[in-house]
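Quick look at work.cif (mmCIF, C-alpha atoms and all ligand atoms):
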data_run
loop_
_atom_site.label_atom_id
_atom_site.label_comp_id
_atom_site.auth_asym_id
_atom_site.auth_seq_id
_atom_site.Cartn_x
_atom_site.Cartn_y
_atom_site.Cartn_z
CA MET F 1 11.87 -22.73 -11.28
CA ILE F 2 8.10 -22.39 -11.64
CA ILE F 3 6.28 -25.60 -10.69
CA LEU F 4 3.04 -26.21 -12.60
CA LYS F 5 0.40 -28.15 -10.66
CA THR F 6 -1.80 -30.98 -11.90
CA SER F 7 -5.56 -30.82 -11.39
CA ARG F 8 -5.17 -33.30 -8.52
CA GLU F 9 -2.60 -31.05 -6.88
CA LEU F 10 -4.92 -28.07 -7.33
CA GLU F 11 -7.59 -29.99 -5.39
CA CYS F 12 -5.07 -30.49 -2.56
CA MET F 13 -4.24 -26.80 -2.62
CA LYS F 14 -7.96 -25.96 -2.39
CA ALA F 15 -8.17 -28.11 0.74
CA ALA F 16 -5.25 -26.20 2.30
CA GLY F 17 -6.71 -22.92 1.08
CA ARG F 18 -10.06 -23.68 2.71
CA ILE F 19 -8.39 -24.10 6.09
CA ALA F 20 -6.27 -20.96 5.65
CA GLN F 21 -9.37 -18.93 4.72
CA ASN F 22 -11.47 -20.30 7.58
CA ALA F 23 -8.64 -19.46 9.99
CA LEU F 24 -8.51 -15.93 8.56
CA GLN F 25 -12.29 -15.46 8.93
CA LEU F 26 -12.15 -16.76 12.48
CA ALA F 27 -9.27 -14.44 13.32
CA GLY F 28 -11.09 -11.49 11.77
CA SER F 29 -14.24 -12.21 13.77
CA LEU F 30 -12.19 -11.74 16.96
CA VAL F 31 -10.94 -8.25 16.00
CA LYS F 32 -12.55 -6.07 18.69
CA PRO F 33 -11.40 -3.35 21.08
CA GLY F 34 -9.71 -4.88 24.15
CA VAL F 35 -8.66 -8.14 22.49
CA SER F 36 -4.94 -8.96 22.30
CA THR F 37 -3.35 -10.06 19.06
CA TRP F 38 -1.99 -13.07 21.00
CA GLU F 39 -5.55 -14.30 21.69
CA ILE F 40 -6.42 -14.03 18.00
CA ASP F 41 -3.29 -15.96 17.05
CA ARG F 42 -4.05 -18.72 19.53
CA ALA F 43 -7.60 -19.17 18.21
CA ALA F 44 -6.38 -19.39 14.62
CA ARG F 45 -3.71 -21.92 15.57
CA GLU F 46 -6.20 -24.08 17.46
CA TYR F 47 -8.56 -24.06 14.49
CA ILE F 48 -5.83 -24.96 11.96
CA GLU F 49 -4.58 -27.81 14.14
CA SER F 50 -8.15 -29.06 14.71
CA GLU F 51 -8.35 -29.60 10.93
CA GLY F 52 -5.24 -31.78 11.01
CA ALA F 53 -3.24 -29.02 9.32
CA VAL F 54 -0.09 -27.19 10.39
CA PRO F 55 0.14 -23.39 10.77
CA THR F 56 2.58 -22.64 7.95
CA PHE F 57 4.08 -19.54 9.55
CA LEU F 58 4.82 -21.09 12.96
CA GLY F 59 8.60 -21.50 13.08
CA TYR F 60 9.03 -20.37 9.44
CA GLY F 61 12.43 -18.66 9.42
CA GLY F 62 12.04 -18.58 13.19
CA PHE F 63 8.69 -16.70 13.16
CA PRO F 64 7.22 -17.24 16.65
CA ALA F 65 3.48 -17.36 15.87
CA SER F 66 0.84 -18.84 13.57
CA CYS F 67 -0.50 -15.55 12.17
CA CYS F 68 1.08 -12.28 11.24
CA ILE F 69 -1.05 -9.54 12.83
CA SER F 70 -0.10 -6.06 11.66
CA VAL F 71 -1.84 -3.03 13.21
CA ASN F 72 -2.11 0.42 11.56
CA GLU F 73 1.36 1.50 10.33
CA VAL F 74 2.59 -2.09 10.51
CA VAL F 75 2.43 -3.29 6.92
CA ILE F 76 3.17 -7.01 7.33
CA HIS F 77 4.85 -9.57 9.62
CA GLY F 78 3.51 -8.12 12.89
CA ILE F 79 4.19 -10.55 15.74
CA PRO F 80 1.18 -11.32 17.97
CA HIS F 81 1.73 -10.26 21.59
CA LYS F 82 -0.27 -10.40 24.82
CA GLN F 83 0.63 -6.72 25.26
CA THR F 84 -0.72 -5.67 21.87
CA ILE F 85 -4.32 -4.80 22.73
CA LEU F 86 -6.56 -3.68 19.88
CA LYS F 87 -8.41 -0.41 20.22
CA GLU F 88 -11.34 1.27 18.50
CA GLY F 89 -10.33 2.65 15.11
CA ASP F 90 -7.35 0.34 14.50
CA ILE F 91 -6.97 -1.38 11.15
CA VAL F 92 -5.70 -4.92 11.61
CA SER F 93 -4.05 -6.89 8.81
CA ILE F 94 -4.05 -10.61 9.50
CA ASP F 95 -2.12 -13.13 7.38
CA THR F 96 -2.72 -16.86 7.88
CA GLY F 97 -1.19 -19.92 6.26
CA ALA F 98 -2.15 -23.57 6.52
CA THR F 99 -0.19 -26.59 5.32
CA PHE F 100 -2.41 -29.61 4.67
CA GLU F 101 -1.39 -32.91 3.11
CA GLY F 102 1.74 -31.37 1.67
CA PHE F 103 0.35 -28.14 0.22
CA VAL F 104 0.08 -24.56 1.43
CA GLY F 105 -2.73 -22.02 1.43
CA ASP F 106 -1.76 -18.40 2.14
CA ASN F 107 -4.13 -15.46 2.55
CA ALA F 108 -4.57 -12.10 4.28
CA TRP F 109 -7.22 -9.48 4.94
CA THR F 110 -7.37 -6.14 6.75
CA PHE F 111 -10.15 -5.89 9.34
CA PRO F 112 -11.53 -2.74 11.01
CA CYS F 113 -11.54 -2.69 14.82
CA GLY F 114 -14.88 -1.12 15.67
CA LYS F 115 -15.52 2.11 13.82
CA VAL F 116 -12.56 3.33 11.76
CA SER F 117 -11.97 6.72 10.13
CA ASP F 118 -13.26 7.37 6.62
CA ASP F 119 -9.64 7.63 5.44
CA ALA F 120 -8.79 4.24 6.90
CA GLN F 121 -11.90 2.67 5.38
CA LYS F 122 -11.04 4.09 1.96
CA LEU F 123 -7.51 2.67 2.18
CA MET F 124 -8.89 -0.75 3.09
CA ASP F 125 -11.52 -0.67 0.33
CA THR F 126 -8.95 0.37 -2.27
CA THR F 127 -6.43 -2.28 -1.22
CA ARG F 128 -9.11 -4.99 -1.39
CA GLU F 129 -10.11 -3.75 -4.84
CA CYS F 130 -6.42 -3.80 -5.86
CA LEU F 131 -6.29 -7.50 -4.96
CA PHE F 132 -9.24 -8.25 -7.22
CA GLU F 133 -7.84 -6.06 -10.02
CA GLY F 134 -4.67 -8.15 -9.79
CA ILE F 135 -6.63 -11.41 -9.85
CA LYS F 136 -8.64 -10.24 -12.86
CA ALA F 137 -5.36 -9.67 -14.74
CA ALA F 138 -4.12 -13.20 -13.92
CA GLN F 139 -5.38 -14.66 -17.20
CA PRO F 140 -3.53 -17.44 -19.03
CA GLY F 141 -1.37 -15.87 -21.72
CA ASN F 142 -0.97 -12.60 -19.81
CA ARG F 143 2.33 -11.82 -18.11
CA LEU F 144 3.35 -11.09 -14.53
CA GLY F 145 3.70 -7.41 -15.37
CA ASP F 146 0.00 -7.30 -16.24
CA ILE F 147 -0.86 -8.26 -12.66
CA GLY F 148 1.56 -5.78 -11.10
CA SER F 149 0.56 -2.91 -13.33
CA ALA F 150 -3.16 -3.54 -12.72
CA VAL F 151 -2.59 -3.25 -8.96
CA GLN F 152 -0.26 -0.28 -9.25
CA ARG F 153 -2.46 1.74 -11.59
CA TYR F 154 -5.55 1.19 -9.45
CA ALA F 155 -3.76 2.24 -6.24
CA GLU F 156 -1.85 5.20 -7.63
CA ALA F 157 -4.92 6.60 -9.44
CA ARG F 158 -6.49 6.90 -5.97
CA GLY F 159 -3.50 8.62 -4.40
CA TYR F 160 -1.94 5.62 -2.68
CA SER F 161 1.48 4.01 -3.04
CA VAL F 162 2.55 0.40 -3.57
CA VAL F 163 5.17 -1.30 -1.36
CA ARG F 164 8.20 -2.37 -3.40
CA ASP F 165 10.34 -4.24 -0.86
CA PHE F 166 7.85 -7.09 -0.39
CA VAL F 167 5.92 -8.88 -3.12
CA GLY F 168 3.65 -11.83 -3.79
CA HIS F 169 5.02 -15.23 -4.71
CA GLY F 170 4.41 -18.68 -6.11
CA VAL F 171 2.79 -21.10 -3.66
CA GLY F 172 2.70 -24.89 -3.64
CA ALA F 173 4.35 -27.53 -1.50
CA LYS F 174 6.34 -24.60 -0.12
CA MET F 175 4.93 -21.26 0.94
CA HIS F 176 7.40 -19.34 -1.22
CA GLU F 177 8.03 -20.67 -4.71
CA ASP F 178 8.97 -18.94 -7.94
CA PRO F 179 7.96 -16.58 -9.39
CA SER F 180 7.98 -13.34 -7.40
CA VAL F 181 4.73 -11.45 -8.00
CA PRO F 182 5.32 -7.69 -7.62
CA ASN F 183 2.39 -5.33 -7.12
CA TYR F 184 3.92 -2.91 -9.62
CA GLY F 185 5.21 -3.38 -13.15
CA THR F 186 4.83 -2.87 -16.86
CA PRO F 187 2.03 -4.46 -18.91
CA GLY F 188 3.24 -7.19 -21.24
CA ARG F 189 6.52 -7.73 -19.34
CA GLY F 190 7.73 -10.63 -17.26
CA VAL F 191 6.96 -14.33 -17.10
CA ARG F 192 3.99 -15.57 -19.13
CA LEU F 193 1.11 -16.94 -17.03
CA LEU F 194 0.36 -20.59 -17.77
CA PRO F 195 -2.41 -22.93 -16.62
CA GLY F 196 -1.22 -24.80 -13.52
CA MET F 197 0.68 -21.87 -12.04
CA THR F 198 -0.32 -21.13 -8.44
CA ILE F 199 0.54 -17.74 -6.97
CA ALA F 200 -0.24 -15.53 -4.01
CA ILE F 201 -1.26 -12.03 -5.09
CA GLU F 202 -0.88 -9.72 -2.09
CA PRO F 203 -1.02 -5.95 -2.54
CA MET F 204 0.43 -3.92 0.35
CA ILE F 205 -0.84 -0.37 -0.13
CA CYS F 206 0.19 2.75 1.79
CA GLN F 207 -1.58 6.01 2.60
CA GLY F 208 1.73 7.87 2.28
CA ASP F 209 5.07 6.94 0.81
CA TYR F 210 5.87 3.32 -0.11
CA HIS F 211 9.12 3.03 1.81
CA VAL F 212 9.10 0.56 4.69
CA LYS F 213 11.51 -0.45 7.44
CA VAL F 214 11.94 -3.63 9.43
CA LEU F 215 12.13 -3.19 13.21
CA ASP F 216 14.83 -4.67 15.43
CA ASP F 217 12.82 -7.86 16.04
CA GLY F 218 13.71 -8.75 12.43
CA TRP F 219 10.05 -9.13 11.38
CA THR F 220 7.75 -6.20 12.10
CA THR F 221 7.62 -4.15 8.90
CA VAL F 222 6.28 -0.60 9.24
CA THR F 223 5.77 2.32 6.88
CA ALA F 224 8.81 4.60 7.12
CA ASP F 225 6.53 7.66 7.42
CA GLY F 226 4.27 6.09 10.07
CA LYS F 227 1.13 6.33 7.93
CA LEU F 228 -1.40 3.52 7.56
CA ALA F 229 -1.00 0.50 5.30
CA ALA F 230 -3.38 -2.32 4.33
CA HIS F 231 -2.77 -5.84 3.01
CA TYR F 232 -5.03 -8.34 1.22
CA GLU F 233 -4.00 -11.69 -0.24
CA ASN F 234 -5.43 -14.73 -1.97
CA THR F 235 -3.72 -17.83 -3.31
CA ILE F 236 -4.94 -18.40 -6.86
CA ALA F 237 -4.47 -20.85 -9.71
CA ILE F 238 -4.13 -19.84 -13.35
CA THR F 239 -6.42 -22.14 -15.34
CA GLU F 240 -7.50 -22.39 -19.00
CA LYS F 241 -10.74 -20.68 -17.95
CA GLY F 242 -9.01 -17.88 -16.01
CA PRO F 243 -7.96 -17.30 -12.42
CA VAL F 244 -9.45 -19.48 -9.66
CA ILE F 245 -9.19 -18.47 -5.99
CA LEU F 246 -7.87 -21.43 -3.98
CA THR F 247 -8.27 -19.75 -0.57
CA ARG F 248 -12.06 -20.08 -0.30
CA GLY F 249 -13.62 -20.93 3.04
CA ASP F 250 -16.88 -22.45 4.19
CA ARG F 251 -18.61 -19.08 4.52
MG MG F 301 2.10 -14.49 1.04
#
Could I get this structure in the form of structure tokens?
Amino acid sequence: MIILKTSRELECMKAAGRIAQNALQLAGSLVKPGVSTWEIDRAAREYIESEGAVPTFLGYGGFPASCCISVNEVVIHGIPHKQTILKEGDIVSIDTGATFEGFVGDNAWTFPCGKVSDDAQKLMDTTRECLFEGIKAAQPGNRLGDIGSAVQRYAEARGYSVVRDFVGHGVGAKMHEDPSVPNYGTPGRGVRLLPGMTIAIEPMICQGDYHVKVLDDGWTTVTADGKLAAHYENTIAITEKGPVILTRGDR
């Protein structure tokens, strides 16, 4: 069931989204050679809690940390570790969620660690552009397939592939609500987008093939071919005037 939000609820979601985005920016600012992903996670958690919010991911389905930090061939759901030390040239996808006064903000960004290869930079740029192509298609009256096909066409035209096994989702009082928001699809198909819908659009784009596998820890999701992947995400609202990004920070 898709839950439409009132304008008052959208204001609450903006407040949660602000904290999630600030946590993401803070985490990204710490991406440097020699830093552990555990340190980044701790800083994000401390910030979220200092705002009176709760890190949405901590304990979610048993997830042991506040951020997902996914390096290079890790697509999503990387678990922060003291032993995972970032090095020059890594690409680091960080996903943060904050729950504040009953609503969730969910967002992700891929950050370069020092100087990255031209190929890695192009993957990151394209994936970020895919996110905004998807957002642009999230107009009231359009359908879910318009979002997915916008992302897919943009990525595939540039030689990349789109992960199928994981998709975006509705967001609200819970992190995962209906509907599922695939990053692939057919224009004009799927659920119609209505004002008051709030969704996370989150393209996961691969350098190689789109198949992924989940490691034995039950979380870490890597590309099956070991090539790089990038991940960008915003929580947005569909409004009469078009899409509005709810995960906006102070910067
Ligand atoms: Mg999400």
* To do: Could the residues that lie within 9 Å of ligand MG 301 (chain F), counting all atoms listed in the file, be listed as a PyMOL selection string?
  => chain F and resi 95-97+105-108+167-171+175-176+199-202+233-235
* Figure out the distance between atom CA of F:Cys68 and atom CA of F:Lys213, please, to one decimal in Å. => 16.2 Å
Kindly extract all protein, DNA and RNA residues lying within 6 Å of the coordinates (-4.5, -26.6, -0.5) given in the file, considering all atoms listed in the file, and supply them as an mmCIF file with C-alpha atoms, in the frame of the given file.
data_model
loop_
_atom_site.group_PDB
_atom_site.id
_atom_site.type_symbol
_atom_site.label_atom_id
_atom_site.label_comp_id
_atom_site.auth_asym_id
_atom_site.auth_seq_id
_atom_site.Cartn_x
_atom_site.Cartn_y
_atom_site.Cartn_z
ATOM 1 C CA CYS F 12 -5.070 -30.490 -2.560
ATOM 2 C CA MET F 13 -4.240 -26.800 -2.620
ATOM 3 C CA LYS F 14 -7.960 -25.960 -2.390
ATOM 4 C CA ALA F 15 -8.170 -28.110 0.740
ATOM 5 C CA ALA F 16 -5.250 -26.200 2.300
ATOM 6 C CA GLY F 17 -6.710 -22.920 1.080
ATOM 7 C CA PHE F 103 0.350 -28.140 0.220
ATOM 8 C CA VAL F 104 0.080 -24.560 1.430
ATOM 9 C CA GLY F 105 -2.730 -22.020 1.430
#
* Asked: Out of F:Thr110, F:Ser70, F:Thr127, F:Thr186, which residue has the shortest atom-to-atom distance to F:Met204 when counting all atoms listed in the file?
  ->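 Of all the options, F:Thr127 lies closest to F:Met204.
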* Surrounding residues of stretch 143-151 of chain F excluding itself and chain neighbours under 3 positions, 6 Å, only C-alpha atoms, as a list of chain:residue names ->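 Listing them by chain and then by number gives F:Cys130, F:Glu133, F:Gly134, F:Ala137, F:Tyr154, F:Pro182, F:Asn183, F:Tyr184, F:Gly185, F:Thr186, F:Pro187, F:Gly188, F:Arg189, F:Gly190, F:Val191, F:Arg192, F:Leu193.
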For stretch 228-239 of chain F, where the input has fewer atoms than it should, I would like all heavy atoms rebuilt and written as a PDB file, keeping the file's coordinate frame.
ATOM      1  N   LEU F 228      -0.741   4.825   7.595  1.00  0.00           N
ATOM      2  CA  LEU F 228      -1.400   3.520   7.560  1.00  0.00           C
ATOM      3  C   LEU F 228      -1.039   2.723   6.309  1.00  0.00           C
ATOM      4  O   LEU F 228      -0.749   3.298   5.254  1.00  0.00           O
ATOM      5  CB  LEU F 228      -2.922   3.688   7.582  1.00  0.00           C
ATOM      6  CG  LEU F 228      -3.555   4.333   8.812  1.00  0.00           C
ATOM      7  CD1 LEU F 228      -5.066   4.474   8.604  1.00  0.00           C
ATOM      8  CD2 LEU F 228      -3.257   3.526  10.070  1.00  0.00           C
ATOM      9  N   ALA F 229      -1.116   1.395   6.452  1.00  0.00           N
ATOM     10  CA  ALA F 229      -1.000   0.500   5.300  1.00  0.00           C
ATOM     11  C   ALA F 229      -2.042  -0.613   5.448  1.00  0.00           C
ATOM     12  O   ALA F 229      -2.455  -0.940   6.567  1.00  0.00           O
ATOM     13  CB  ALA F 229       0.392  -0.100   5.223  1.00  0.00           C
ATOM     14  N   ALA F 230      -2.455  -1.181   4.314  1.00  0.00           N
ATOM     15  CA  ALA F 230      -3.380  -2.320   4.330  1.00  0.00           C
ATOM     16  C   ALA F 230      -2.828  -3.428   3.441  1.00  0.00           C
ATOM     17  O   ALA F 230      -1.954  -3.192   2.599  1.00  0.00           O
ATOM     18  CB  ALA F 230      -4.765  -1.881   3.837  1.00  0.00           C
ATOM     19  N   HIS F 231      -3.345  -4.646   3.653  1.00  0.00           N
ATOM     20  CA  HIS F 231      -2.770  -5.840   3.010  1.00  0.00           C
ATOM     21  C   HIS F 231      -3.875  -6.876   2.797  1.00  0.00           C
ATOM     22  O   HIS F 231      -4.543  -7.265   3.767  1.00  0.00           O
ATOM     23  CB  HIS F 231      -1.680  -6.408   3.936  1.00  0.00           C
ATOM     24  CG  HIS F 231      -1.040  -7.668   3.453  1.00  0.00           C
ATOM     25  ND1 HIS F 231      -0.625  -8.661   4.313  1.00  0.00           N
ATOM     26  CD2 HIS F 231      -0.726  -8.116   2.201  1.00  0.00           C
ATOM     27  CE1 HIS F 231      -0.072  -9.647   3.627  1.00  0.00           C
ATOM     28  NE2 HIS F 231      -0.123  -9.342   2.345  1.00  0.00           N
ATOM     29  N   TYR F 232      -4.061  -7.279   1.540  1.00  0.00           N
ATOM     30  CA  TYR F 232      -5.030  -8.340   1.220  1.00  0.00           C
ATOM     31  C   TYR F 232      -4.333  -9.354   0.326  1.00  0.00           C
ATOM     32  O   TYR F 232      -3.510  -8.982  -0.515  1.00  0.00           O
ATOM     33  CB  TYR F 232      -6.245  -7.771   0.479  1.00  0.00           C
ATOM     34  CG  TYR F 232      -7.138  -6.897   1.329  1.00  0.00           C
ATOM     35  CD1 TYR F 232      -6.765  -5.598   1.654  1.00  0.00           C
ATOM     36  CD2 TYR F 232      -8.342  -7.370   1.820  1.00  0.00           C
ATOM     37  CE1 TYR F 232      -7.571  -4.791   2.437  1.00  0.00           C
ATOM     38  CE2 TYR F 232      -9.171  -6.571   2.607  1.00  0.00           C
ATOM     39  CZ  TYR F 232      -8.777  -5.284   2.908  1.00  0.00           C
ATOM     40  OH  TYR F 232      -9.588  -4.500   3.682  1.00  0.00           O
ATOM     41  N   GLU F 233      -4.696 -10.623   0.503  1.00  0.00           N
ATOM     42  CA  GLU F 233      -4.000 -11.690  -0.240  1.00  0.00           C
ATOM     43  C   GLU F 233      -4.918 -12.879  -0.476  1.00  0.00           C
ATOM     44  O   GLU F 233      -5.661 -13.280   0.427  1.00  0.00           O
ATOM     45  CB  GLU F 233      -2.790 -12.163   0.575  1.00  0.00           C
ATOM     46  CG  GLU F 233      -2.038 -13.346  -0.030  1.00  0.00           C
ATOM     47  CD  GLU F 233      -0.874 -13.814   0.856  1.00  0.00           C
ATOM     48  OE1 GLU F 233      -0.986 -13.713   2.091  1.00  0.00           O
ATOM     49  OE2 GLU F 233       0.123 -14.278   0.288  1.00  0.00           O
ATOM     50  N   ASN F 234      -4.858 -13.415  -1.676  1.00  0.00           N
ATOM     51  CA  ASN F 234      -5.430 -14.730  -1.970  1.00  0.00           C
ATOM     52  C   ASN F 234      -4.384 -15.572  -2.679  1.00  0.00           C
ATOM     53  O   ASN F 234      -3.546 -15.038  -3.415  1.00  0.00           O
ATOM     54  CB  ASN F 234      -6.636 -14.623  -2.905  1.00  0.00           C
ATOM     55  CG  ASN F 234      -7.946 -14.304  -2.188  1.00  0.00           C
ATOM     56  OD1 ASN F 234      -8.726 -13.484  -2.647  1.00  0.00           O
ATOM     57  ND2 ASN F 234      -8.198 -14.950  -1.071  1.00  0.00           N
ATOM     58  N   THR F 235      -4.467 -16.892  -2.477  1.00  0.00           N
ATOM     59  CA  THR F 235      -3.720 -17.830  -3.310  1.00  0.00           C
ATOM     60  C   THR F 235      -4.637 -18.206  -4.474  1.00  0.00           C
ATOM     61  O   THR F 235      -5.798 -18.568  -4.249  1.00  0.00           O
ATOM     62  CB  THR F 235      -3.325 -19.088  -2.519  1.00  0.00           C
ATOM     63  OG1 THR F 235      -2.519 -18.706  -1.400  1.00  0.00           O
ATOM     64  CG2 THR F 235      -2.552 -20.063  -3.389  1.00  0.00           C
ATOM     65  N   ILE F 236      -4.124 -18.088  -5.686  1.00  0.00           N
ATOM     66  CA  ILE F 236      -4.940 -18.400  -6.860  1.00  0.00           C
ATOM     67  C   ILE F 236      -4.226 -19.374  -7.780  1.00  0.00           C
ATOM     68  O   ILE F 236      -3.004 -19.532  -7.719  1.00  0.00           O
ATOM     69  CB  ILE F 236      -5.298 -17.124  -7.667  1.00  0.00           C
ATOM     70  CG1 ILE F 236      -4.047 -16.540  -8.344  1.00  0.00           C
ATOM     71  CG2 ILE F 236      -5.955 -16.065  -6.791  1.00  0.00           C
ATOM     72  CD1 ILE F 236      -4.366 -15.739  -9.583  1.00  0.00           C
ATOM     73  N   ALA F 237      -5.026 -20.019  -8.636  1.00  0.00           N
ATOM     74  CA  ALA F 237      -4.470 -20.850  -9.710  1.00  0.00           C
ATOM     75  C   ALA F 237      -4.799 -20.191 -11.039  1.00  0.00           C
ATOM     76  O   ALA F 237      -5.896 -19.657 -11.221  1.00  0.00           O
ATOM     77  CB  ALA F 237      -5.076 -22.243  -9.668  1.00  0.00           C
ATOM     78  N   ILE F 238      -3.850 -20.223 -11.957  1.00  0.00           N
ATOM     79  CA  ILE F 238      -4.130 -19.840 -13.350  1.00  0.00           C
ATOM     80  C   ILE F 238      -4.692 -21.099 -14.024  1.00  0.00           C
ATOM     81  O   ILE F 238      -4.056 -22.162 -13.950  1.00  0.00           O
ATOM     82  CB  ILE F 238      -2.842 -19.418 -14.095  1.00  0.00           C
ATOM     83  CG1 ILE F 238      -1.962 -18.481 -13.250  1.00  0.00           C
ATOM     84  CG2 ILE F 238      -3.168 -18.848 -15.463  1.00  0.00           C
ATOM     85  CD1 ILE F 238      -2.494 -17.124 -12.982  1.00  0.00           C
ATOM     86  N   THR F 239      -5.863 -20.991 -14.621  1.00  0.00           N
ATOM     87  CA  THR F 239      -6.420 -22.140 -15.340  1.00  0.00           C
ATOM     88  C   THR F 239      -6.779 -21.697 -16.765  1.00  0.00           C
ATOM     89  O   THR F 239      -6.783 -20.505 -17.065  1.00  0.00           O
ATOM     90  CB  THR F 239      -7.705 -22.691 -14.667  1.00  0.00           C
ATOM     91  OG1 THR F 239      -8.804 -21.813 -14.958  1.00  0.00           O
ATOM     92  CG2 THR F 239      -7.531 -22.809 -13.154  1.00  0.00           C
TER      93      THR F 239
END
